[in-house]
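What's in target-v8.pdb: PDB, C-alpha atoms
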```
ATOM      1  CA  PHE A   1     103.471 101.729 116.182  1.00  0.00           C
ATOM      2  CA  ASP A   2     100.996  99.055 117.209  1.00  0.00           C
ATOM      3  CA  GLU A   3      97.286  99.690 116.718  1.00  0.00           C
ATOM      4  CA  LEU A   4      98.092 102.708 114.546  1.00  0.00           C
ATOM      5  CA  ASP A   5      94.396 103.242 113.835  1.00  0.00           C
ATOM      6  CA  SER A   6      93.816 104.091 117.514  1.00  0.00           C
ATOM      7  CA  ILE A   7      95.899 107.282 117.284  1.00  0.00           C
ATOM      8  CA  VAL A   8      95.425 108.289 113.645  1.00  0.00           C
ATOM      9  CA  THR A   9      92.190 107.681 111.840  1.00  0.00           C
ATOM     10  CA  ASN A  10      90.133 109.213 109.083  1.00  0.00           C
ATOM     11  CA  GLU A  11      87.113 109.216 111.395  1.00  0.00           C
ATOM     12  CA  SER A  12      86.324 112.502 113.129  1.00  0.00           C
ATOM     13  CA  ASN A  13      85.536 112.956 116.792  1.00  0.00           C
ATOM     14  CA  GLU A  14      84.184 115.795 118.894  1.00  0.00           C
ATOM     15  CA  PHE A  15      87.574 117.355 119.651  1.00  0.00           C
ATOM     16  CA  ASN A  16      89.440 116.515 116.396  1.00  0.00           C
ATOM     17  CA  ILE A  17      92.195 114.899 118.463  1.00  0.00           C
ATOM     18  CA  ASN A  18      92.883 112.209 115.852  1.00  0.00           C
ATOM     19  CA  GLU A  19      93.210 114.855 113.158  1.00  0.00           C
ATOM     20  CA  LYS A  20      95.711 116.800 115.273  1.00  0.00           C
ATOM     21  CA  VAL A  21      97.756 113.660 115.961  1.00  0.00           C
ATOM     22  CA  THR A  22      97.664 112.745 112.269  1.00  0.00           C
ATOM     23  CA  PHE A  23      98.945 116.153 111.181  1.00  0.00           C
ATOM     24  CA  GLN A  24     101.665 116.105 113.855  1.00  0.00           C
ATOM     25  CA  LEU A  25     102.794 112.643 112.720  1.00  0.00           C
ATOM     26  CA  ILE A  26     102.883 113.829 109.095  1.00  0.00           C
ATOM     27  CA  GLU A  27     105.010 116.806 110.116  1.00  0.00           C
ATOM     28  CA  GLU A  28     107.390 114.531 112.034  1.00  0.00           C
ATOM     29  CA  PHE A  29     107.732 112.198 109.039  1.00  0.00           C
ATOM     30  CA  ASP A  30     108.375 115.108 106.685  1.00  0.00           C
ATOM     31  CA  ASN A  31     111.138 116.478 108.945  1.00  0.00           C
ATOM     32  CA  LEU A  32     112.669 113.099 109.780  1.00  0.00           C
ATOM     33  CA  PHE A  33     114.058 111.833 106.519  1.00  0.00           C
ATOM     34  CA  HIS A  34     117.276 112.992 104.884  1.00  0.00           C
ATOM     35  CA  ASP A  35     119.226 111.660 101.909  1.00  0.00           C
ATOM     36  CA  ASP A  36     122.152 110.474 104.021  1.00  0.00           C
ATOM     37  CA  ILE A  37     120.212 108.275 106.479  1.00  0.00           C
ATOM     38  CA  SER A  38     117.702 105.455 106.254  1.00  0.00           C
ATOM     39  CA  ILE A  39     114.949 104.969 108.800  1.00  0.00           C
ATOM     40  CA  LEU A  40     112.310 102.259 108.859  1.00  0.00           C
ATOM     41  CA  VAL A  41     109.054 103.029 110.653  1.00  0.00           C
ATOM     42  CA  ILE A  42     106.561 100.189 111.046  1.00  0.00           C
ATOM     43  CA  GLY A  43     102.913 100.647 111.921  1.00  0.00           C
ATOM     44  CA  ALA A  44     100.471  97.838 112.641  1.00  0.00           C
ATOM     45  CA  THR A  45      96.705  97.948 112.332  1.00  0.00           C
ATOM     46  CA  ASN A  46      93.759  95.651 111.905  1.00  0.00           C
ATOM     47  CA  PHE A  47      91.897  98.422 110.046  1.00  0.00           C
ATOM     48  CA  ILE A  48      94.024  99.728 107.163  1.00  0.00           C
ATOM     49  CA  SER A  49      90.954 101.502 105.761  1.00  0.00           C
ATOM     50  CA  LYS A  50      90.912 103.775 108.835  1.00  0.00           C
ATOM     51  CA  ILE A  51      94.438 105.081 108.176  1.00  0.00           C
ATOM     52  CA  PRO A  52      94.269 108.496 106.467  1.00  0.00           C
ATOM     53  CA  THR A  53      95.457 108.609 102.856  1.00  0.00           C
ATOM     54  CA  GLU A  54      97.935 111.363 103.773  1.00  0.00           C
ATOM     55  CA  LEU A  55      99.861 108.850 105.899  1.00  0.00           C
ATOM     56  CA  LYS A  56     100.037 106.276 103.085  1.00  0.00           C
ATOM     57  CA  ARG A  57     102.010 108.482 100.700  1.00  0.00           C
ATOM     58  CA  PHE A  58     105.665 108.278  99.683  1.00  0.00           C
ATOM     59  CA  GLY A  59     108.016 108.900 102.591  1.00  0.00           C
ATOM     60  CA  ARG A  60     105.484 107.942 105.226  1.00  0.00           C
ATOM     61  CA  PHE A  61     103.708 104.568 105.512  1.00  0.00           C
ATOM     62  CA  GLU A  62     104.099 103.991 101.774  1.00  0.00           C
ATOM     63  CA  LYS A  63     104.103 100.183 101.710  1.00  0.00           C
ATOM     64  CA  SER A  64     101.583  97.751 103.146  1.00  0.00           C
ATOM     65  CA  ILE A  65     102.218  94.155 104.041  1.00  0.00           C
ATOM     66  CA  PHE A  66      99.168  92.071 104.856  1.00  0.00           C
ATOM     67  CA  ILE A  67      99.863  89.357 107.382  1.00  0.00           C
ATOM     68  CA  GLY A  68      96.870  87.113 107.891  1.00  0.00           C
ATOM     69  CA  PRO A  69      96.234  84.593 110.638  1.00  0.00           C
ATOM     70  CA  LEU A  70      99.496  82.666 110.406  1.00  0.00           C
ATOM     71  CA  SER A  71     101.696  81.101 113.024  1.00  0.00           C
ATOM     72  CA  ILE A  72     104.318  83.345 114.625  1.00  0.00           C
ATOM     73  CA  LYS A  73     107.030  81.375 112.813  1.00  0.00           C
ATOM     74  CA  ASP A  74     105.387  81.988 109.436  1.00  0.00           C
ATOM     75  CA  GLN A  75     104.803  85.669 110.229  1.00  0.00           C
ATOM     76  CA  LEU A  76     108.480  86.199 111.090  1.00  0.00           C
ATOM     77  CA  LYS A  77     109.523  84.387 107.921  1.00  0.00           C
ATOM     78  CA  MET A  78     107.318  86.677 105.812  1.00  0.00           C
ATOM     79  CA  ILE A  79     108.725  89.785 107.484  1.00  0.00           C
ATOM     80  CA  HIS A  80     112.330  88.618 106.998  1.00  0.00           C
ATOM     81  CA  ASN A  81     111.613  87.822 103.339  1.00  0.00           C
ATOM     82  CA  GLU A  82     110.168  91.299 102.788  1.00  0.00           C
ATOM     83  CA  PHE A  83     113.156  92.906 104.551  1.00  0.00           C
ATOM     84  CA  ASP A  84     115.529  90.907 102.319  1.00  0.00           C
ATOM     85  CA  ARG A  85     113.561  91.995  99.247  1.00  0.00           C
ATOM     86  CA  ILE A  86     113.889  95.680 100.081  1.00  0.00           C
ATOM     87  CA  GLY A  87     117.482  95.423 101.310  1.00  0.00           C
ATOM     88  CA  ILE A  88     117.108  95.675 105.080  1.00  0.00           C
ATOM     89  CA  LYS A  89     119.417  93.492 107.116  1.00  0.00           C
TER      90      LYS A  89
END
```
Same coordinates, now as structure tokens:
Amino acid sequence: FDELDSIVTNESNEFNINEKVTFQLIEEFDNLFHDDISILVIGATNFISKIPTELKRFGRFEKSIFIGPLSIKDQLKMIHNEFDRIGIK
């Protein structure tokens, strides 16, 4: 997901659309994972503080990697290093 904060946010709006999307995403995460499979879901945002706490719990978006203003080459290197660290090939 790119710009995750645009679809799920802890800010309310007139129609509670973001809240509905957040709860649906939580339900999808909770039904997605099983012991016999591994799935990696990546979300990107410029506003981590706007992501609801419920989405930052174990089994959802549980880890955060901050990537500052680096070159594309350096960003890819950081991502590959993190993947190696957690065992993703």
Inset, instruction - Apply the PyMOL selection byres ((chain A and resi 29) around 10) to the file shown and report the selected residues as a ChimeraX atom specification. - result: /A:23-28,30-33,41,55,59-61
Legend entry - Separation of CA of Asn46 in chain A from CA of Leu4 in chain A in Å: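 Separation of CA of Leu4 in chain A and CA of Asn46 in chain A: 8.7 Å.
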Inset, instruction - Taking the point (108.8, 100.7, 119.1) as given in the file, collect each protein or nucleic acid residue that comes within 9 Å of it, counting all atoms listed in the file, and present the set as a ChimeraX atom specification. - result: /A:1-2,41-42
Legend entry - Nearest-residue call for Phe66 in chain A, choices A:Ile86, A:His80, A:Ile39, A:Ala44, using all atoms listed in the file: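 Among the listed residues, the smallest separation from Phe66 in chain A belongs to A:Ala44.
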Inset, instruction - Pick out the closest residue to Ile67 in chain A from this set: A:Asp5, A:Asp36, A:Glu82, A:Glu54. Count only C-alpha atoms. - result: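 Selected residue with least distance to Ile67 in chain A: A:Glu82.
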Give me the result of the PyMOL selection byres ((chain A and resi 47) around 12) on this file, residue by residue, as a JSON list (two decimals) with C-alpha atoms, in the frame of the given file.
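Writing the result to part-v1.json gives the following:
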```
[["chain", "number", "residue", "atom", "x", "y", "z"],
["A", 2, "ASP", "CA", 101.00, 99.06, 117.21],
["A", 3, "GLU", "CA", 97.29, 99.69, 116.72],
["A", 4, "LEU", "CA", 98.09, 102.71, 114.55],
["A", 5, "ASP", "CA", 94.40, 103.24, 113.84],
["A", 6, "SER", "CA", 93.82, 104.09, 117.51],
["A", 8, "VAL", "CA", 95.42, 108.29, 113.64],
["A", 9, "THR", "CA", 92.19, 107.68, 111.84],
["A", 10, "ASN", "CA", 90.13, 109.21, 109.08],
["A", 11, "GLU", "CA", 87.11, 109.22, 111.40],
["A", 43, "GLY", "CA", 102.91, 100.65, 111.92],
["A", 44, "ALA", "CA", 100.47, 97.84, 112.64],
["A", 45, "THR", "CA", 96.70, 97.95, 112.33],
["A", 46, "ASN", "CA", 93.76, 95.65, 111.90],
["A", 48, "ILE", "CA", 94.02, 99.73, 107.16],
["A", 49, "SER", "CA", 90.95, 101.50, 105.76],
["A", 50, "LYS", "CA", 90.91, 103.78, 108.84],
["A", 51, "ILE", "CA", 94.44, 105.08, 108.18],
["A", 52, "PRO", "CA", 94.27, 108.50, 106.47],
["A", 64, "SER", "CA", 101.58, 97.75, 103.15],
["A", 66, "PHE", "CA", 99.17, 92.07, 104.86]]
```
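Straight-line separation from CA of Asn81 in chain A to CA of Leu40 in chain A: 15.5 Å.
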Padding 5 Å on every side, please: axis-aligned box over the listed atoms of range 49-57 of chain A, centre and edge lengths to one decimal in Å, as JSON.
```
{"center_x": 96.5, "center_y": 106.4, "center_z": 104.8, "size_x": 21.1, "size_y": 19.9, "size_z": 18.1}
```
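Here CA of Ile88 in chain A and CA of Lys56 in chain A stand 20.2 Å from one another.
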Legend entry - Given all atoms listed in the file as the counted atoms, nearest of A:Val21, A:Lys63, A:Leu70, A:Arg57 to Phe83 in chain A: A:Lys63
Would you save range 20-35 of chain A from the block above with all heavy atoms, as a compact mmCIF listing (two decimals), in the first residue's frame?
```txt
# COMPACT_ATOMS: atom_id res chain seq x y z
N LYS A 20 -14.31 2.88 8.68
CA LYS A 20 -14.85 1.66 8.06
C LYS A 20 -13.76 0.92 7.28
O LYS A 20 -13.66 -0.30 7.36
CB LYS A 20 -16.03 2.00 7.15
CG LYS A 20 -17.24 2.48 7.90
CD LYS A 20 -18.34 2.93 6.97
CE LYS A 20 -19.50 3.51 7.77
NZ LYS A 20 -20.56 4.04 6.89
N VAL A 21 -12.94 1.66 6.54
CA VAL A 21 -11.85 1.04 5.79
C VAL A 21 -10.84 0.43 6.75
O VAL A 21 -10.35 -0.68 6.54
CB VAL A 21 -11.18 2.05 4.84
CG1 VAL A 21 -9.93 1.46 4.20
CG2 VAL A 21 -12.16 2.51 3.77
N THR A 22 -10.53 1.14 7.83
CA THR A 22 -9.59 0.62 8.83
C THR A 22 -10.08 -0.69 9.42
O THR A 22 -9.33 -1.67 9.48
CB THR A 22 -9.38 1.66 9.96
OG1 THR A 22 -8.84 2.85 9.41
CG2 THR A 22 -8.45 1.11 11.02
N PHE A 23 -11.34 -0.74 9.84
CA PHE A 23 -11.87 -1.96 10.43
C PHE A 23 -11.93 -3.11 9.42
O PHE A 23 -11.68 -4.26 9.76
CB PHE A 23 -13.24 -1.72 11.07
CG PHE A 23 -13.17 -0.92 12.32
CD1 PHE A 23 -13.98 0.17 12.51
CD2 PHE A 23 -12.27 -1.25 13.34
CE1 PHE A 23 -13.91 0.93 13.68
CE2 PHE A 23 -12.19 -0.52 14.51
CZ PHE A 23 -13.02 0.58 14.68
N GLN A 24 -12.22 -2.80 8.16
CA GLN A 24 -12.24 -3.84 7.13
C GLN A 24 -10.83 -4.37 6.90
O GLN A 24 -10.63 -5.59 6.76
CB GLN A 24 -12.82 -3.29 5.82
CG GLN A 24 -12.93 -4.34 4.74
CD GLN A 24 -13.88 -5.46 5.09
OE1 GLN A 24 -14.96 -5.22 5.63
NE2 GLN A 24 -13.50 -6.69 4.81
N LEU A 25 -9.83 -3.49 6.87
CA LEU A 25 -8.45 -3.92 6.69
C LEU A 25 -8.00 -4.78 7.87
O LEU A 25 -7.34 -5.81 7.68
CB LEU A 25 -7.54 -2.71 6.52
CG LEU A 25 -6.10 -2.97 6.12
CD1 LEU A 25 -6.02 -3.76 4.82
CD2 LEU A 25 -5.34 -1.67 5.97
N ILE A 26 -8.37 -4.41 9.08
CA ILE A 26 -8.04 -5.21 10.26
C ILE A 26 -8.65 -6.60 10.14
O ILE A 26 -7.99 -7.61 10.40
CB ILE A 26 -8.51 -4.50 11.55
CG1 ILE A 26 -7.62 -3.29 11.83
CG2 ILE A 26 -8.51 -5.46 12.73
CD1 ILE A 26 -8.16 -2.39 12.92
N GLU A 27 -9.90 -6.66 9.72
CA GLU A 27 -10.57 -7.95 9.56
C GLU A 27 -9.87 -8.80 8.51
O GLU A 27 -9.66 -10.00 8.69
CB GLU A 27 -12.04 -7.75 9.18
CG GLU A 27 -12.80 -9.05 9.10
CD GLU A 27 -14.28 -8.84 8.83
OE1 GLU A 27 -14.84 -7.84 9.29
OE2 GLU A 27 -14.85 -9.70 8.13
N GLU A 28 -9.46 -8.18 7.42
CA GLU A 28 -8.75 -8.92 6.36
C GLU A 28 -7.41 -9.45 6.88
O GLU A 28 -7.04 -10.59 6.61
CB GLU A 28 -8.53 -8.03 5.13
CG GLU A 28 -9.80 -7.61 4.44
CD GLU A 28 -10.64 -8.75 3.92
OE1 GLU A 28 -10.07 -9.81 3.55
OE2 GLU A 28 -11.88 -8.60 3.88
N PHE A 29 -6.67 -8.63 7.61
CA PHE A 29 -5.41 -9.08 8.19
C PHE A 29 -5.64 -10.27 9.13
O PHE A 29 -4.92 -11.25 9.09
CB PHE A 29 -4.71 -7.97 8.99
CG PHE A 29 -3.81 -7.09 8.18
CD1 PHE A 29 -3.99 -5.72 8.16
CD2 PHE A 29 -2.78 -7.62 7.44
CE1 PHE A 29 -3.16 -4.90 7.43
CE2 PHE A 29 -1.93 -6.81 6.70
CZ PHE A 29 -2.13 -5.44 6.69
N ASP A 30 -6.64 -10.15 9.99
CA ASP A 30 -6.89 -11.19 10.98
C ASP A 30 -7.30 -12.51 10.33
O ASP A 30 -7.05 -13.58 10.89
CB ASP A 30 -7.96 -10.73 11.97
CG ASP A 30 -7.46 -9.62 12.88
OD1 ASP A 30 -6.24 -9.36 12.90
OD2 ASP A 30 -8.30 -9.00 13.55
N ASN A 31 -7.91 -12.47 9.16
CA ASN A 31 -8.34 -13.69 8.47
C ASN A 31 -7.32 -14.19 7.46
O ASN A 31 -7.49 -15.26 6.89
CB ASN A 31 -9.68 -13.45 7.76
CG ASN A 31 -10.80 -13.25 8.74
OD1 ASN A 31 -10.86 -13.90 9.78
ND2 ASN A 31 -11.70 -12.33 8.43
N LEU A 32 -6.27 -13.43 7.23
CA LEU A 32 -5.31 -13.73 6.17
C LEU A 32 -4.21 -14.69 6.59
O LEU A 32 -3.79 -15.54 5.82
CB LEU A 32 -4.69 -12.41 5.69
CG LEU A 32 -3.70 -12.45 4.55
CD1 LEU A 32 -4.38 -12.91 3.28
CD2 LEU A 32 -3.10 -11.06 4.35
N PHE A 33 -3.76 -14.57 7.81
CA PHE A 33 -2.56 -15.28 8.22
C PHE A 33 -2.86 -16.64 8.84
O PHE A 33 -3.78 -16.78 9.64
CB PHE A 33 -1.74 -14.42 9.19
CG PHE A 33 -1.28 -13.15 8.55
CD1 PHE A 33 -1.92 -11.95 8.83
CD2 PHE A 33 -0.24 -13.15 7.65
CE1 PHE A 33 -1.51 -10.77 8.22
CE2 PHE A 33 0.18 -11.98 7.03
CZ PHE A 33 -0.46 -10.79 7.32
N HIS A 34 -2.07 -17.62 8.44
CA HIS A 34 -2.17 -18.97 8.97
C HIS A 34 -0.76 -19.45 9.28
O HIS A 34 0.22 -18.94 8.75
CB HIS A 34 -2.82 -19.91 7.94
CG HIS A 34 -4.17 -19.43 7.51
ND1 HIS A 34 -5.29 -19.59 8.27
CD2 HIS A 34 -4.57 -18.78 6.40
CE1 HIS A 34 -6.33 -19.07 7.64
NE2 HIS A 34 -5.92 -18.57 6.50
N ASP A 35 -0.65 -20.46 10.13
CA ASP A 35 0.67 -20.94 10.56
C ASP A 35 1.49 -21.53 9.42
O ASP A 35 2.71 -21.51 9.46
CB ASP A 35 0.51 -22.01 11.64
CG ASP A 35 -0.02 -21.41 12.94
OD1 ASP A 35 0.15 -20.19 13.15
OD2 ASP A 35 -0.61 -22.16 13.73
```
